[in-house]
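Peer 1: Got a structure for you, work-v2.txt, holding compact mmCIF, C-alpha atoms.
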# COMPACT_ATOMS: atom_id res chain seq x y z
CA MET N 1 133.56 96.59 123.65
CA GLY N 2 132.30 99.98 122.48
CA ILE N 3 128.62 100.58 121.83
CA LYS N 4 129.06 101.00 118.08
CA PHE N 5 131.06 97.79 117.79
CA ARG N 6 128.48 95.85 119.82
CA LEU N 7 125.66 97.09 117.58
CA THR N 8 127.74 96.34 114.49
CA LEU N 9 128.19 92.77 115.72
CA MET N 10 124.44 92.51 116.30
CA SER N 11 123.73 93.76 112.77
CA PHE N 12 126.28 91.35 111.28
CA LEU N 13 124.80 88.34 113.07
CA GLN N 14 121.20 89.46 112.44
CA PHE N 15 121.55 88.92 108.71
CA PHE N 16 124.15 86.14 108.94
CA VAL N 17 121.52 83.83 110.43
CA TRP N 18 119.22 84.58 107.47
CA GLY N 19 121.77 84.54 104.68
CA ALA N 20 123.04 81.12 105.76
CA TRP N 21 119.96 79.44 104.27
CA LEU N 22 117.70 81.92 102.43
CA ILE N 23 119.48 81.64 99.07
CA THR N 24 120.21 77.91 99.28
CA ILE N 25 116.91 76.51 100.58
CA GLY N 26 115.73 76.16 96.99
CA THR N 27 118.61 73.82 96.21
CA TYR N 28 117.81 71.92 99.41
CA CYS N 29 114.13 71.45 98.51
CA PHE N 30 114.67 70.67 94.81
CA ASN N 31 117.93 68.74 94.77
CA ALA N 32 118.19 67.16 98.21
CA LYS N 33 114.50 66.47 98.76
CA GLY N 34 113.15 66.30 95.21
CA TRP N 35 110.08 68.38 96.03
CA THR N 36 107.92 70.21 93.49
CA GLY N 37 107.86 73.90 92.68
CA ALA N 38 104.45 74.29 94.29
CA GLU N 39 105.66 72.63 97.50
CA PHE N 40 108.74 74.84 97.62
CA GLY N 41 106.73 77.94 96.73
CA ALA N 42 104.41 77.29 99.66
CA ILE N 43 107.39 76.87 102.02
CA PHE N 44 109.03 80.09 100.81
CA SER N 45 105.72 81.97 101.07
CA THR N 46 106.03 81.80 104.86
CA LEU N 47 108.35 84.82 104.66
CA GLY N 48 105.48 86.85 103.27
CA LEU N 49 102.86 85.37 105.59
CA SER N 50 104.84 86.13 108.74
CA SER N 51 105.57 89.67 107.50
CA LEU N 52 101.84 90.39 107.41
CA PHE N 53 101.34 90.40 111.17
CA MET N 54 104.41 89.56 113.28
CA PRO N 55 106.36 92.87 113.08
CA ALA N 56 103.25 94.75 114.23
CA LEU N 57 102.50 92.32 117.07
CA THR N 58 106.05 92.27 118.41
CA GLY N 59 106.16 96.06 118.07
CA ILE N 60 103.20 96.29 120.44
CA ILE N 61 104.84 93.86 122.91
CA ALA N 62 108.14 95.79 122.89
CA ASP N 63 106.31 99.11 123.23
CA LYS N 64 104.08 98.09 126.14
CA TRP N 65 105.45 95.17 128.15
CA LEU N 66 108.91 93.74 127.42
CA ASN N 67 112.38 95.16 126.89
CA ALA N 68 113.18 95.13 123.18
CA GLU N 69 116.59 93.45 123.63
CA LYS N 70 115.02 90.65 125.70
CA LEU N 71 112.22 90.04 123.21
CA TYR N 72 114.85 90.09 120.45
CA GLY N 73 116.94 87.49 122.27
CA ILE N 74 114.00 85.19 122.99
CA LEU N 75 112.89 85.27 119.34
CA HIS N 76 116.37 84.43 118.05
CA ILE N 77 116.79 81.51 120.45
CA LEU N 78 113.41 80.10 119.38
CA TYR N 79 114.33 80.69 115.74
CA GLY N 80 117.59 78.76 116.19
CA LEU N 81 115.91 75.85 117.95
CA ILE N 82 113.33 75.53 115.17
CA LEU N 83 116.03 75.59 112.48
CA LEU N 84 117.81 72.70 114.21
CA TYR N 85 114.74 70.59 113.53
CA VAL N 86 114.46 71.45 109.81
CA PRO N 87 116.84 68.69 108.53
CA GLU N 88 114.74 66.05 110.29
CA VAL N 89 111.63 66.92 108.25
CA ASN N 90 110.99 64.87 105.13
CA ASP N 91 107.44 65.98 104.37
CA PRO N 92 107.06 69.35 102.58
CA SER N 93 103.66 69.99 104.18
CA ILE N 94 105.26 69.65 107.62
CA LEU N 95 108.25 71.77 106.63
CA PHE N 96 105.81 74.53 105.67
CA TYR N 97 104.74 74.83 109.30
CA VAL N 98 108.28 74.44 110.62
CA ILE N 99 109.66 77.24 108.41
CA PHE N 100 106.54 79.29 109.14
CA GLY N 101 107.36 78.97 112.84
CA ALA N 102 110.95 80.01 112.18
CA MET N 103 109.78 83.04 110.17
CA ILE N 104 107.29 84.05 112.86
CA CYS N 105 110.31 84.28 115.16
CA TYR N 106 112.78 85.80 112.71
CA MET N 107 110.94 88.39 110.57
CA PRO N 108 110.06 90.74 113.46
CA THR N 109 113.69 90.75 114.62
CA ILE N 110 114.64 92.80 111.56
CA SER N 111 112.64 95.81 112.73
CA LEU N 112 113.49 95.06 116.37
CA SER N 113 117.22 95.20 115.60
CA ASN N 114 116.73 98.66 114.08
CA SER N 115 114.70 99.80 117.07
CA ILE N 116 117.30 98.50 119.52
CA ALA N 117 120.12 100.23 117.63
CA TYR N 118 118.21 103.54 117.48
CA THR N 119 117.39 103.44 121.20
CA ILE N 120 120.91 102.58 122.34
CA LEU N 121 122.54 105.15 120.06
CA LYS N 122 120.15 107.89 121.23
CA ASN N 123 120.69 106.99 124.88
CA ASN N 124 124.45 107.31 124.31
CA LYS N 125 124.08 110.72 122.59
CA TYR N 126 125.08 109.54 119.11
CA ASP N 127 123.82 111.12 115.89
CA VAL N 128 121.63 108.24 114.69
CA VAL N 129 121.35 109.47 111.10
CA LYS N 130 125.13 109.63 110.81
CA VAL N 131 126.14 106.58 112.86
CA PHE N 132 123.47 103.99 112.03
CA PRO N 133 124.03 103.48 108.24
CA PRO N 134 127.64 102.20 108.64
CA ILE N 135 126.37 99.83 111.34
CA ARG N 136 123.56 98.56 109.09
CA VAL N 137 125.94 97.94 106.18
CA TRP N 138 127.56 95.23 108.28
CA GLY N 139 124.26 93.40 108.17
CA THR N 140 124.60 92.96 104.43
CA ILE N 141 128.22 91.90 104.92
CA GLY N 142 127.01 89.29 107.43
CA PHE N 143 124.53 87.99 104.86
CA ILE N 144 127.33 87.65 102.30
CA VAL N 145 129.76 85.94 104.70
CA ALA N 146 127.04 83.46 105.69
CA MET N 147 126.45 82.60 102.03
CA TRP N 148 130.15 81.94 101.51
CA ILE N 149 130.49 79.79 104.63
CA THR N 150 127.38 77.80 103.73
CA ASN N 151 128.67 77.23 100.21
CA ILE N 152 132.08 76.03 101.42
CA PHE N 153 130.71 73.72 104.12
CA SER N 154 127.97 72.37 101.85
CA SER N 155 130.20 71.72 98.87
CA PRO N 156 130.68 68.02 98.02
CA THR N 157 134.40 68.76 97.73
CA PRO N 158 135.24 71.52 100.21
CA PRO N 159 138.79 72.91 100.24
CA ASN N 160 141.23 70.65 102.08
CA ILE N 161 141.85 73.22 104.81
CA PHE N 162 138.27 72.79 106.01
CA LYS N 163 138.56 69.02 105.89
CA ASP N 164 141.83 69.02 107.80
CA LEU N 165 140.69 71.41 110.49
CA GLY N 166 137.35 69.67 110.89
CA LEU N 167 135.51 72.97 111.12
CA SER N 168 132.24 71.80 109.58
CA ILE N 169 129.95 71.18 112.53
CA GLY N 170 127.14 70.72 110.05
CA ASN N 171 128.89 67.81 108.35
CA ALA N 172 129.23 65.99 111.64
CA MET N 173 125.56 66.49 112.48
CA SER N 174 124.51 65.54 108.97
CA SER N 175 126.37 62.25 109.18
CA VAL N 176 124.72 61.51 112.51
CA SER N 177 121.20 62.31 111.32
CA GLY N 178 121.63 60.76 107.92
CA ASN N 179 120.84 64.01 106.13
CA PRO N 180 122.81 65.23 103.10
CA ILE N 181 125.32 68.03 103.36
CA TYR N 182 122.67 70.46 102.14
CA ALA N 183 121.40 70.44 105.74
CA ASN N 184 124.52 72.28 106.91
CA GLN N 185 122.92 75.63 106.11
CA PHE N 186 120.31 75.14 108.83
CA TYR N 187 122.79 73.94 111.45
CA ILE N 188 125.08 76.92 110.82
CA ALA N 189 122.18 79.39 111.01
CA ALA N 190 120.72 77.71 114.10
CA PHE N 191 123.88 77.75 116.22
CA VAL N 192 124.70 81.37 115.35
CA ALA N 193 121.08 82.43 116.00
CA ILE N 194 121.15 80.89 119.47
CA LEU N 195 124.47 82.63 120.17
CA LEU N 196 122.99 85.93 118.96
CA GLY N 197 119.98 85.41 121.22
CA ILE N 198 122.23 84.91 124.24
CA TYR N 199 124.42 87.86 123.21
CA SER N 200 121.42 90.17 122.97
CA PHE N 201 120.74 89.80 126.70
CA THR N 202 124.09 91.55 127.32
CA LEU N 203 123.09 94.64 125.33
CA PRO N 204 122.11 97.88 127.13
CA LYS N 205 118.50 97.84 128.30
CA CYS N 206 115.80 99.07 125.91
CA PRO N 207 112.69 99.34 128.12
CA PRO N 208 109.19 99.74 126.66
CA GLN N 209 108.69 103.24 125.22
CA LYS N 210 104.91 103.19 125.76
CA SER N 211 104.44 105.39 122.71
CA ILE N 212 101.15 103.66 121.85
CA ALA N 213 98.31 105.22 123.82
CA ASP N 214 96.47 102.90 126.17
CA ASP N 215 93.16 103.95 124.70
CA ALA N 216 94.29 103.41 121.08
CA SER N 217 92.10 101.05 119.12
CA PHE N 218 93.42 97.65 118.06
CA VAL N 219 93.38 98.87 114.46
CA GLU N 220 95.56 101.86 115.40
CA GLN N 221 97.93 99.70 117.46
CA LEU N 222 98.52 97.41 114.45
CA GLY N 223 99.02 100.39 112.15
CA LEU N 224 96.02 99.42 110.02
CA ASN N 225 94.63 102.96 110.03
CA ALA N 226 96.92 103.61 107.04
CA PHE N 227 94.54 101.55 104.89
CA LYS N 228 92.46 104.68 104.45
CA LEU N 229 95.18 105.81 102.04
CA PHE N 230 93.60 103.44 99.50
CA SER N 231 90.86 106.04 99.08
CA SER N 232 93.42 108.13 97.17
CA TYR N 233 93.83 106.93 93.58
CA LYS N 234 97.52 107.79 93.48
CA MET N 235 98.34 106.06 96.77
CA ALA N 236 96.19 103.05 95.93
CA LEU N 237 97.99 102.73 92.60
CA PHE N 238 101.35 102.96 94.35
CA PHE N 239 100.47 100.21 96.84
CA VAL N 240 99.09 97.96 94.08
CA PHE N 241 102.32 98.32 92.09
CA SER N 242 104.26 97.70 95.32
CA MET N 243 102.41 94.42 95.67
CA PHE N 244 103.07 93.39 92.05
CA LEU N 245 106.75 94.24 92.30
CA GLY N 246 106.91 92.55 95.70
CA GLY N 247 106.00 89.37 93.84
CA ALA N 248 109.30 89.63 91.98
CA LEU N 249 111.58 90.70 94.85
CA GLN N 250 112.32 87.21 96.17
CA LEU N 251 112.22 85.19 92.94
CA THR N 252 115.99 85.06 92.40
CA ASN N 253 116.51 84.38 96.10
CA MET N 254 114.07 81.48 95.73
CA TYR N 255 115.38 79.93 92.53
CA GLY N 256 118.79 81.45 91.74
CA ASP N 257 120.97 78.93 93.58
CA ALA N 258 118.91 75.95 92.35
CA PHE N 259 119.18 77.32 88.79
CA LEU N 260 122.99 77.48 88.96
CA ASN N 261 123.20 74.06 90.63
CA ASP N 262 121.15 72.50 87.83
CA PHE N 263 123.96 73.23 85.37
CA ALA N 264 125.67 70.23 87.02
CA LYS N 265 123.28 68.06 84.99
CA ILE N 266 124.97 69.27 81.79
CA PRO N 267 128.33 67.47 81.29
CA GLU N 268 130.21 70.48 79.92
CA TYR N 269 129.28 72.59 82.97
CA LYS N 270 129.24 70.10 85.85
CA ASP N 271 132.80 70.85 87.04
CA SER N 272 132.59 74.61 86.57
CA PHE N 273 133.25 77.12 89.36
CA VAL N 274 129.69 78.40 89.02
CA VAL N 275 128.24 74.99 89.87
CA GLU N 276 130.73 74.24 92.65
CA TYR N 277 130.36 77.64 94.31
CA SER N 278 126.94 78.79 93.15
CA THR N 279 126.15 80.52 96.43
CA ILE N 280 129.35 82.57 96.28
CA ILE N 281 128.38 83.65 92.76
CA MET N 282 124.93 84.63 94.02
CA SER N 283 126.52 86.67 96.81
CA ILE N 284 127.69 89.17 94.18
CA SER N 285 124.07 90.35 94.30
CA GLN N 286 124.42 91.34 97.95
CA VAL N 287 127.77 93.06 97.28
CA SER N 288 126.06 95.02 94.51
CA GLU N 289 123.21 95.88 96.86
CA THR N 290 125.67 97.46 99.28
CA LEU N 291 127.32 99.54 96.55
CA PHE N 292 124.10 100.73 94.90
CA ILE N 293 122.88 102.10 98.23
CA LEU N 294 125.69 104.65 97.94
CA ALA N 295 124.45 105.71 94.49
CA ILE N 296 120.84 106.29 95.50
CA PRO N 297 121.23 109.95 96.62
CA PHE N 298 122.63 110.92 93.19
CA PHE N 299 119.89 109.13 91.25
CA LEU N 300 117.10 110.50 93.43
CA LYS N 301 118.30 114.09 93.12
CA ARG N 302 118.96 113.80 89.40
CA PHE N 303 115.91 111.83 88.25
CA GLY N 304 113.31 111.91 91.03
CA ILE N 305 111.35 109.27 92.89
CA LYS N 306 109.21 107.95 90.03
CA GLN N 307 112.13 107.55 87.62
CA VAL N 308 114.21 105.75 90.25
CA MET N 309 111.33 103.34 90.91
CA LEU N 310 111.06 102.81 87.14
CA PHE N 311 114.83 102.16 86.93
CA SER N 312 114.31 99.45 89.55
CA MET N 313 111.59 97.76 87.49
CA ILE N 314 113.69 97.84 84.32
CA ALA N 315 116.59 96.41 86.33
CA TRP N 316 114.36 93.47 87.29
CA VAL N 317 113.72 92.84 83.59
CA LEU N 318 117.49 92.70 83.05
CA ARG N 319 118.04 90.59 86.17
CA PHE N 320 115.70 87.87 84.92
CA GLY N 321 116.55 88.21 81.23
CA LEU N 322 120.29 87.84 81.77
CA PHE N 323 119.72 84.70 83.83
CA ALA N 324 117.62 83.31 80.98
CA TYR N 325 120.53 83.46 78.53
CA GLY N 326 123.48 82.97 80.89
CA ASP N 327 125.59 79.84 81.41
CA PRO N 328 128.74 78.97 83.43
CA VAL N 329 131.15 79.33 80.47
CA GLN N 330 130.36 81.50 77.44
CA GLY N 331 127.48 83.20 79.20
CA LEU N 332 129.21 83.66 82.54
CA TRP N 333 129.32 87.43 82.00
CA MET N 334 125.52 87.47 81.83
CA ILE N 335 125.20 85.69 85.17
CA ILE N 336 127.71 88.10 86.75
CA LEU N 337 125.99 91.15 85.22
CA SER N 338 122.62 89.88 86.41
CA CYS N 339 123.98 89.74 89.96
CA ILE N 340 125.36 93.27 89.64
CA VAL N 341 122.04 94.60 88.32
CA TYR N 342 120.29 93.10 91.36
CA GLY N 343 121.60 95.91 93.57
CA MET N 344 119.73 98.52 91.53
CA ALA N 345 116.64 96.32 91.19
CA PHE N 346 116.29 95.66 94.92
CA ASP N 347 117.52 98.88 96.54
CA PHE N 348 116.07 101.48 94.22
CA PHE N 349 112.44 100.48 94.68
CA ASN N 350 112.60 99.83 98.42
CA ILE N 351 114.27 103.12 99.25
CA SER N 352 112.54 105.35 96.68
CA GLY N 353 109.18 103.76 97.58
CA SER N 354 109.80 104.43 101.25
CA LEU N 355 110.74 108.02 100.43
CA PHE N 356 107.55 108.44 98.37
CA VAL N 357 105.49 107.39 101.39
CA GLU N 358 107.52 109.71 103.62
CA THR N 359 106.93 112.76 101.41
CA THR N 360 103.27 112.22 100.47
CA THR N 361 101.53 111.09 103.68
CA ASP N 362 100.37 112.93 106.77
CA SER N 363 102.78 112.79 109.69
CA LYS N 364 100.04 111.31 111.93
CA ILE N 365 99.88 108.08 109.91
CA ARG N 366 103.34 108.11 108.33
CA ALA N 367 104.71 105.26 110.41
CA SER N 368 101.61 103.19 109.67
CA ALA N 369 101.92 104.04 105.98
CA GLN N 370 105.52 102.79 105.95
CA GLY N 371 104.30 99.60 107.59
CA LEU N 372 101.62 99.25 104.92
CA PHE N 373 104.24 99.70 102.19
CA MET N 374 106.35 96.91 103.71
CA MET N 375 103.23 94.75 104.14
CA MET N 376 102.29 95.11 100.47
CA THR N 377 105.81 94.34 99.20
CA ASN N 378 107.32 91.87 101.67
CA GLY N 379 103.98 90.50 102.85
CA VAL N 380 101.20 90.24 100.27
CA GLY N 381 103.46 90.56 97.21
CA ALA N 382 106.12 88.13 98.43
CA TYR N 383 103.48 85.59 99.45
CA LEU N 384 101.68 85.69 96.10
CA GLY N 385 104.96 85.65 94.17
CA SER N 386 106.16 82.56 96.06
CA VAL N 387 102.96 80.57 95.70
CA ILE N 388 102.10 81.51 92.10
CA SER N 389 105.66 81.08 90.79
CA GLY N 390 105.91 77.62 92.34
CA TYR N 391 102.61 76.56 90.78
CA ALA N 392 103.55 78.01 87.36
CA ILE N 393 106.95 76.29 87.32
CA ASP N 394 105.33 72.93 88.03
CA LYS N 395 102.54 73.34 85.48
CA TYR N 396 104.32 74.99 82.57
CA PHE N 397 108.09 74.67 82.94
CA THR N 398 108.83 71.27 84.52
CA HIS N 399 109.25 68.24 82.29
CA GLY N 400 109.86 65.09 84.30
CA GLU N 401 112.68 66.01 86.66
CA THR N 402 114.01 68.78 84.41
CA LYS N 403 113.13 72.45 84.76
CA ASP N 404 113.17 74.73 81.71
CA TRP N 405 115.10 77.52 83.42
CA HIS N 406 115.42 79.53 80.20
CA SER N 407 111.64 79.83 79.89
CA ILE N 408 111.21 80.34 83.65
CA TRP N 409 113.48 83.37 83.71
CA LEU N 410 112.03 84.73 80.47
CA SER N 411 108.50 84.54 81.91
CA PHE N 412 109.69 86.43 84.99
CA ALA N 413 111.33 89.03 82.73
CA VAL N 414 108.10 89.50 80.75
CA TYR N 415 106.19 89.90 84.03
CA ALA N 416 108.60 92.63 85.18
CA LEU N 417 108.44 94.33 81.75
CA ILE N 418 104.62 94.50 81.85
CA ILE N 419 104.77 96.05 85.33
CA SER N 420 107.38 98.57 84.14
CA ILE N 421 105.32 99.70 81.16
CA ALA N 422 102.10 99.92 83.16
CA PHE N 423 103.84 101.87 85.94
CA ALA N 424 105.41 104.33 83.48
CA VAL N 425 102.03 105.01 81.86
CA MET N 426 99.66 104.97 84.84
CA PHE N 427 101.63 106.37 87.78
CA LYS N 428 101.92 110.17 87.78
CA HIS N 429 104.33 111.88 90.15
CA LYS N 430 106.09 115.21 89.69
CA HIS N 431 109.73 115.37 90.69
CA LYS N 432 110.32 117.88 93.49
CA PRO N 433 114.06 118.29 94.25
CA GLU N 434 113.29 119.54 97.76
CA ASP N 435 111.72 116.17 98.60
CA VAL N 436 115.06 114.43 98.29
CA GLU N 437 117.51 117.18 99.16
CA ASN N 438 118.37 115.59 102.51
CA ILE N 439 118.46 111.98 101.33
CA SER N 440 122.24 111.71 101.74
CA HIS N 441 122.21 113.02 105.30
Have the structure of the file written as structure tokens, please.
Peer 2:
Amino acid sequence: MGIKFRLTLMSFLQFFVWGAWLITIGTYCFNAKGWTGAEFGAIFSTLGLSSLFMPALTGIIADKWLNAEKLYGILHILYGLILLYVPEVNDPSILFYVIFGAMICYMPTISLSNSIAYTILKNNKYDVVKVFPPIRVWGTIGFIVAMWITNIFSSPTPPNIFKDLGLSIGNAMSSVSGNPIYANQFYIAAFVAILLGIYSFTLPKCPPQKSIADDASFVEQLGLNAFKLFSSYKMALFFVFSMFLGGALQLTNMYGDAFLNDFAKIPEYKDSFVVEYSTIIMSISQVSETLFILAIPFFLKRFGIKQVMLFSMIAWVLRFGLFAYGDPVQGLWMIILSCIVYGMAFDFFNISGSLFVETTTDSKIRASAQGLFMMMTNGVGAYLGSVISGYAIDKYFTHGETKDWHSIWLSFAVYALIISIAFAVMFKHKHKPEDVENISH
């Protein structure tokens, strides 16, 4: 196999093993286990917790002591083994630690996969800027395919072809362990993760780069020296808004599938396509994400970094608001449109925010600043969003065993609207076309 194909396969599997359960774990916790919003919020917050420290720690290990592809393989095998245990857990407080362990293994592999791809492409004299994006797109495709497979194998009435061929390994394991079919998502992700871990050992060697000086302080090694950027009002404001928006980034991933599944409790909707294949419907969001990436260069050049970030925030208002009023029949168009809007909501802030850091920070701390940006959004923000949303849903929007999804999504929309207005008023940034002139290259 050619180098580009091998890296494409790695990218595909990297996000396949995440997409197989990330969107559907809410349905598992709420419907299969009957746990509360606070319990699920705590479990989902492990994504943010692990993002606070693991990428930096594994970055140091890969830079100083261990080949990146070997570390990557070990982490994926451990991740897969932990996921195999998830269906056996019936206590949400225990599952918190189990998923936390899985996330400690998985979250750093995202940056490691990029590092491995960059190193191998450079060693083989490829133009990384030109070759890497098409490889990375297959990661999103892998996420989508995993969602579809999970939905088909976890459906109470899967298509006959899957029954006849007996392809659902998860069903067999579920029947043995006594767990419902919702557990299939973890079995699928686990087996593919272990295969990816083994596969990674066959990749070209990526030895330690030793780019971190031996005499560098622990603070410098972890990239924490970027915290001095908080002394600048503009940068501090940017990171604070990054944290607040980070609280919204995972909300539809947390609750979207459970929201669509709950329409099964309403007689007129219980047999609808949306209920039967909720995860496939949700995957439209990832398709949209792929397409909106292609539109980012135009928007950045035409409107500038601040306006593109503001577009993202307004898109989050629409994302939540459309869910609030959508339903599987008359309001199906709202659910579909909400999934389409997701691409703008998710991509525009992540990429324009990263570009803002790139164009406004000193080159000596730029890498650390990018790490701080990711820490504030995917770490602190995602953690707070998971925990607080779970608590709020339990306290204000759950009545018996019924969740008031209309009010839940409206409250999220109001939250995003307040952030949008505050950002538009408080954050000042002049558009400089030269800052984004090379964004498409």
Peer 1: Can you write out as JSON lines which residues of region 174-284 of chain N fall within 8 Å of region 143-149 of chain N, alongside each residue's closest atom pair and its distance in Å to one decimal, counting only C-alpha atoms and ordering rows by chain and ascending residue number?
Peer 2:
{"residue": "N:Thr279", "atom": "CA", "partner": "N:Met147", "partner_atom": "CA", "distance": 6.0}
{"residue": "N:Ile280", "atom": "CA", "partner": "N:Trp148", "partner_atom": "CA", "distance": 5.3}
{"residue": "N:Ser283", "atom": "CA", "partner": "N:Ile144", "partner_atom": "CA", "distance": 5.6}
Peer 1: Keeping only C-alpha atoms, write the selected residues to a file as a PDB file, in the coordinates of the input.
Peer 2:
ATOM      1  CA  THR N 279     126.150  80.520  96.430  1.00  0.00           C
ATOM      2  CA  ILE N 280     129.350  82.570  96.280  1.00  0.00           C
ATOM      3  CA  SER N 283     126.520  86.670  96.810  1.00  0.00           C
TER       4      SER N 283
END
Peer 1: Quick one: pull the distance between CA of Val329 (chain N) and CA of Tyr255 (chain N), Å, one decimal.
Peer 2: 19.9 Å
Peer 1: Taking all atoms listed in the file into account, name the residue in N:Phe44, N:Phe373, N:Trp21, N:Phe191 that is nearest to Ile388 (chain N).
Peer 2: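 Of N:Phe44, N:Phe373, N:Trp21, N:Phe191, the one nearest Ile388 (chain N) is N:Phe44, counting all atoms listed in the file.
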Peer 1: Calculate how many Å separate CA of Ala248 (chain N) from CA of Gly385 (chain N), rounding to one decimal.
Peer 2: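 About the pair CA of Ala248 (chain N) and CA of Gly385 (chain N): they are 6.3 Å apart.
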Peer 1: Within 10 Å of (108.7, 95.8, 106.1), in the coordinates the file gives, what residues turn up when you count all atoms listed in the file, written out as a PDB file with C-alpha atoms, in the coordinates of the input?
Peer 2:
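result.pdb was written with the following content:
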ATOM      1  CA  GLY N  48     105.480  86.850 103.270  1.00  0.00           C
ATOM      2  CA  SER N  51     105.570  89.670 107.500  1.00  0.00           C
ATOM      3  CA  LEU N  52     101.840  90.390 107.410  1.00  0.00           C
ATOM      4  CA  PRO N  55     106.360  92.870 113.080  1.00  0.00           C
ATOM      5  CA  ALA N  56     103.250  94.750 114.230  1.00  0.00           C
ATOM      6  CA  MET N 107     110.940  88.390 110.570  1.00  0.00           C
ATOM      7  CA  PRO N 108     110.060  90.740 113.460  1.00  0.00           C
ATOM      8  CA  ILE N 110     114.640  92.800 111.560  1.00  0.00           C
ATOM      9  CA  SER N 111     112.640  95.810 112.730  1.00  0.00           C
ATOM     10  CA  ASN N 350     112.600  99.830  98.420  1.00  0.00           C
ATOM     11  CA  SER N 354     109.800 104.430 101.250  1.00  0.00           C
ATOM     12  CA  GLN N 370     105.520 102.790 105.950  1.00  0.00           C
ATOM     13  CA  GLY N 371     104.300  99.600 107.590  1.00  0.00           C
ATOM     14  CA  LEU N 372     101.620  99.250 104.920  1.00  0.00           C
ATOM     15  CA  PHE N 373     104.240  99.700 102.190  1.00  0.00           C
ATOM     16  CA  MET N 374     106.350  96.910 103.710  1.00  0.00           C
ATOM     17  CA  MET N 375     103.230  94.750 104.140  1.00  0.00           C
ATOM     18  CA  MET N 376     102.290  95.110 100.470  1.00  0.00           C
ATOM     19  CA  THR N 377     105.810  94.340  99.200  1.00  0.00           C
ATOM     20  CA  ASN N 378     107.320  91.870 101.670  1.00  0.00           C
ATOM     21  CA  GLY N 379     103.980  90.500 102.850  1.00  0.00           C
TER      22      GLY N 379
END
Peer 1: So how far away is CA of Val275 (chain N) from CA of Cys29 (chain N), in Å?
Peer 2: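 It comes out at 16.9 Å.
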Peer 1: Could you check which residues have any atom within 12 Å of (125.3, 70.0, 86.6), counting only C-alpha atoms with coordinates taken straight from the file, and then list them as a PyMOL selection string?
Peer 2: chain N and resi 31+258-278+327-328+402
Peer 1: Give the answer as one residue: which of N:Ile135, N:Met313, N:Ile94, N:Ile25 has the shortest atom-to-atom distance to Phe423 (chain N), using all atoms listed in the file?
Peer 2: N:Met313
Peer 1: Restricting the calculation to all atoms listed in the file: of N:Asn184, N:Ala38, N:Tyr383, N:Gly73, which residue gets closest to Tyr396 (chain N)?
Peer 2: N:Ala38
Peer 1: Find the residues around Lys210 (chain N) up to 10 Å (all atoms listed in the file counted), leave out those fewer than 6 positions away in its own chain, and share them as a ChimeraX atom specification.
Peer 2: /N:60-65
